[in-house]
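Okay, so here's the structure we're looking at.
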Protein chains: 4
Amino acid sequence: MGKGRLEAFSDGVIAIIITIMVLELKVPHEATPAALLPLVPVLLSYVLSFVYVGIYWNNHHHLLAASRLVSGAALWANLHLLFWLSLFPFATAWMGENHFAGAPTAAYGGVLLMAAVAYRVLQRTLIGLHGNDSLLARAIGSDWKGKLSPVLYALGIVSTLRAAWCAQLLYAAVAVMWLVPDRRIENTLGRQGGPG
Amino acid sequence: MGKGRLEAFSDGVIAIIITIMVLELKVPHEATPAALLPLVPVLLSYVLSFVYVGIYWNNHHHLLAASRLVSGAALWANLHLLFWLSLFPFATAWMGENHFAGAPTAAYGGVLLMAAVAYRVLQRTLIGLHGNDSLLARAIGSDWKGKLSPVLYALGIVSTLRAAWCAQLLYAAVAVMWLVPDRRIENTLGRQGGPG
Amino acid sequence: MGKGRLEAFSDGVIAIIITIMVLELKVPHEATPAALLPLVPVLLSYVLSFVYVGIYWNNHHHLLAASRLVSGAALWANLHLLFWLSLFPFATAWMGENHFAGAPTAAYGGVLLMAAVAYRVLQRTLIGLHGNDSLLARAIGSDWKGKLSPVLYALGIVSTLRAAWCAQLLYAAVAVMWLVPDRRIENTLGRQGGPG
Amino acid sequence: MGKGRLEAFSDGVIAIIITIMVLELKVPHEATPAALLPLVPVLLSYVLSFVYVGIYWNNHHHLLAASRLVSGAALWANLHLLFWLSLFPFATAWMGENHFAGAPTAAYGGVLLMAAVAYRVLQRTLIGLHGNDSLLARAIGSDWKGKLSPVLYALGIVSTLRAAWCAQLLYAAVAVMWLVPDRRIENTLGRQGGPG
């Protein structure tokens, strides 16, 4: 089964998710610079989510670039990932409008956690399809970032019971950690003149 | 006539449909976990519709993968299917916000029924184009799922007169039945090294 | 200059236009069948616009399929067409919510008229690029439908001064006239084994 | 790394941005021509932004057509550009609804300025990847338009302190300057039979 339409459909869904989040930046009625101030937390949570969805798109791009084929199970593992990504606009808006309060920050962490789990399921499904000594498996390697992230999200969720800013810090730190693109796959593919 | 743009356009429309449904999850004003409780039925109906639209995208993917060409009639049969799919966000929101009451549940079943009919029309149009002994026709085979589903949707609609939960159960059962990807087409194509 | 991205971008914009129109079908608060009644005119205007946007997508598909290349002027002629198509959701909602009153019906006709003009400009730009004896020029031929439609839209706009239903009838008649897919291009391409 | 998905994802995001701006054209409740009058400034700012987003899509199209490959840094430079473009709907709506008042006009100029900076960063990243004597570098040449635009946006922002109409004039003038498509790249590619 070809991977072209899976890539195209995922591009479409991720493009819409990353764009409709901006609709939560409600236009203020006054035309003064001061009217933008209450929007600052909403804008900050938008920036964080934009970076996260961008990271997912980047990693998805590399993951599929290293895959030669997909299966029915991979299609559903991909839809499962898109489902959790589709909850980003809701979680982002709830957190931004409530100035990073505890419960919305925990809910945001929950969506981050489930998306990370769904991404790993998709990754395992594709590796299972290509074999453990495939280009894909070698390109992904030990995946320490993928193993560490869910732990940090869970820590963040627990920390909202005491201090929500601590969770924010953790979420931002994980984002920074991922901002470096996935050189493993890039390098492995580069050496092999792999697909793109 | 090539099938590339028909696939790309359908991917776009289905990606938008599956994503804008999440806009019905209105962000609560309070920042407490309890504020999420009233959203549970809306979330449940979102999950059901996400799975249904995912099923349609999956089957559409397989159907077009097994087709070599399209016609003007197929373009319109496809638009007809997209029209009924585009009513999913409306039917989903009406059902979710009214806690699965009778009339919205019947309306949801009506949209499911019409989408199923439209899918079969598209399938018949494509088989007519490729011939009854084509790879496509053999891959689809007897299509017992496609014949059974409309009957179960109709049963669901009728059952809302007595008990709406019975219709919910039927809709969920049909979704589970389809969740297994369309191995007929996958297998037939796989054996023939078909397109993807 | 390749035509691939022009097709992909147009597919994206048209897919979004055709889908966000459905957001005007506001979910009623009551859960009774009677609550759907006030939505009937909104639904009818949605169906009309869905068919019109579908016609534009179909014709755009055929037009580009018959073209080998595009130019900077064609990119802008295409954006000009997309601009007028992007006003469909507004015009559709205004007409539907006001039960097909005179002014909104005239405005809807104005958008139809401008989109038709923009389509002809795009067509002329592409023919100018390929030459008058090109496959494209022969496939389009005399284009009597393209010449007649703007006249009928203008008649519709004028008729709203007396009877808006007369304009509705004209708009619907033009849509039916176009529903038959553009067999000229399909046939010419078919005979030549043209691109798709 | 291939450029196909970067183009497809950017097409998706830009298509959504250019289309959701039209949602700010709120449907009036009255069905009279006079009800459209208050919408004129909103429509004007929509037209300006539609042209600007169209210019970005056009230039992006040419830039990527002249590139052979992308890198991880280019993916992020591209997401950075899409981030600033995603603020167009907000800035457009705020300016349009406040009849081109000073603060919103300055904010609109700020988004224009940041998008221009982001575009230049993407351009530099791609030139760095292909080398200073590449087809891409020669096609872009001195890029006087790209250097002049940020200066004019900054002038516009400053001028809102005195007269907002002066900023509007500057923004419109820059748009007109760009409306001529990027013939440098088009010509260089044309002479070389470059990709498209």
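Letters A, B, ... mark the chains of the structure tokens in the order given; residue numbers begin at 1 per chain; ligand numbers begin at 1, in order shown.
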Distance query Arg162 of chain A at most 12 Å, only C-alpha atoms, self and fewer than 5 positions along chain excluded, as a CSV table (one decimal) with N, CA and C atoms, in the first residue's frame:
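Listed below is the output, out.csv:
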```csv
chain,number,residue,atom,x,y,z
A,101,ALA,N,-3.9,28.3,34.5
A,101,ALA,CA,-4.3,27.7,35.8
A,101,ALA,C,-4.0,26.2,35.8
A,102,GLY,N,-4.2,25.6,37.1
A,102,GLY,CA,-3.8,24.2,37.3
A,102,GLY,C,-4.5,23.2,36.4
A,103,ALA,N,-5.9,23.2,36.5
A,103,ALA,CA,-6.6,22.1,35.8
A,103,ALA,C,-6.4,22.2,34.3
A,105,THR,N,-3.9,23.4,32.7
A,105,THR,CA,-2.5,23.0,32.4
A,105,THR,C,-2.3,21.5,32.5
A,106,ALA,N,-3.0,20.9,33.4
A,106,ALA,CA,-2.9,19.4,33.5
A,106,ALA,C,-3.6,18.8,32.3
A,155,LEU,N,5.3,14.1,34.7
A,155,LEU,CA,5.8,14.9,35.8
A,155,LEU,C,5.1,16.3,35.8
A,156,GLY,N,4.9,16.8,34.7
A,156,GLY,CA,4.3,18.1,34.5
A,156,GLY,C,2.9,18.1,35.1
A,157,ILE,N,2.1,17.0,34.6
A,157,ILE,CA,0.7,16.9,35.1
A,157,ILE,C,0.6,16.8,36.6
A,167,ALA,N,4.9,23.1,35.6
A,167,ALA,CA,4.5,22.2,34.4
A,167,ALA,C,4.8,23.0,33.1
```
Residues of chain D that have any atom at most 6 Å from an atom of chain A: could you tabulate them with the shortest-distance atom pair and the distance in Å to one decimal, using only C-alpha atoms, ordered by chain and increasing number, as JSON lines?
```
{"residue": "D:Met1", "atom": "CA", "partner": "A:Gly196", "partner_atom": "CA", "distance": 4.8}
{"residue": "D:Gly2", "atom": "CA", "partner": "A:Gly196", "partner_atom": "CA", "distance": 4.1}
{"residue": "D:Phe9", "atom": "CA", "partner": "A:Asp11", "partner_atom": "CA", "distance": 5.3}
{"residue": "D:Gly12", "atom": "CA", "partner": "A:Ala15", "partner_atom": "CA", "distance": 5.7}
{"residue": "D:Val13", "atom": "CA", "partner": "A:Ala15", "partner_atom": "CA", "distance": 5.0}
{"residue": "D:Gly72", "atom": "CA", "partner": "A:Pro181", "partner_atom": "CA", "distance": 5.6}
{"residue": "D:Trp94", "atom": "CA", "partner": "A:Val27", "partner_atom": "CA", "distance": 5.7}
{"residue": "D:Ala103", "atom": "CA", "partner": "A:Thr32", "partner_atom": "CA", "distance": 5.6}
```
Neighbour list for His130 of chain D as a PDB file with N, CA and C atoms, in the first residue's frame, cut-off 8 Å, only C-alpha atoms, skip fewer than 4 positions in-chain:
```
ATOM      1  N   SER D  67      14.555  25.619  -5.789  1.00  0.00           N
ATOM      2  CA  SER D  67      15.362  24.837  -4.839  1.00  0.00           C
ATOM      3  C   SER D  67      15.311  23.365  -5.224  1.00  0.00           C
ATOM      4  N   ARG D  68      16.413  22.682  -5.008  1.00  0.00           N
ATOM      5  CA  ARG D  68      16.430  21.264  -5.292  1.00  0.00           C
ATOM      6  C   ARG D  68      16.176  20.440  -4.038  1.00  0.00           C
ATOM      7  N   LEU D 126      17.869  28.666   2.415  1.00  0.00           N
ATOM      8  CA  LEU D 126      17.879  27.841   1.202  1.00  0.00           C
ATOM      9  C   LEU D 126      19.084  28.167   0.330  1.00  0.00           C
ATOM     10  N   SER D 134      24.641  28.966  -7.029  1.00  0.00           N
ATOM     11  CA  SER D 134      23.610  28.027  -7.478  1.00  0.00           C
ATOM     12  C   SER D 134      22.608  28.745  -8.373  1.00  0.00           C
ATOM     13  N   LEU D 136      19.521  28.853  -7.737  1.00  0.00           N
ATOM     14  CA  LEU D 136      18.651  29.575  -6.815  1.00  0.00           C
ATOM     15  C   LEU D 136      19.216  30.952  -6.503  1.00  0.00           C
ATOM     16  N   ALA D 137      20.509  31.031  -6.141  1.00  0.00           N
ATOM     17  CA  ALA D 137      21.117  32.309  -5.770  1.00  0.00           C
ATOM     18  C   ALA D 137      21.080  33.271  -6.956  1.00  0.00           C
TER      19      ALA D 137
END
```
My list of candidates is B:Arg120, B:Ser49, B:Cys166, B:Val158. Which is closest to Pro89 of chain B when distances are computed with only C-alpha atoms?
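The closest residue to Pro89 of chain B is B:Ser49.
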Run DSSP on the backbone of this structure and report the residues of segment 47-185 of chain B it assigns to helix (DSSP H, G or I), as an MDAnalysis selection string.
chainID B and resid 47:65 72:86 88:97 102:130 135:140 144:159 164:179 183:185
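Proximity to Leu148 of chain B at 12 Å, evaluated using only C-alpha atoms and with sequence-adjacent residues fewer than 4 positions away removed, yields B:Leu113, B:Ala116, B:Val117, B:Arg120, B:Ser142, B:Asp143, B:Trp144, B:Leu152, B:Tyr153, B:Ala154, B:Leu155, B:Leu170, B:Ala173, B:Val174, B:Met177, B:Trp178.
Of note, atom CA of Leu75 of chain B and atom CA of Gly109 of chain C are spaced 25.5 Å apart.
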Rounded to one decimal in Å, what is the spacing between atom CA of Lys3 of chain A and atom CA of Arg5 of chain D?
12.0 Å
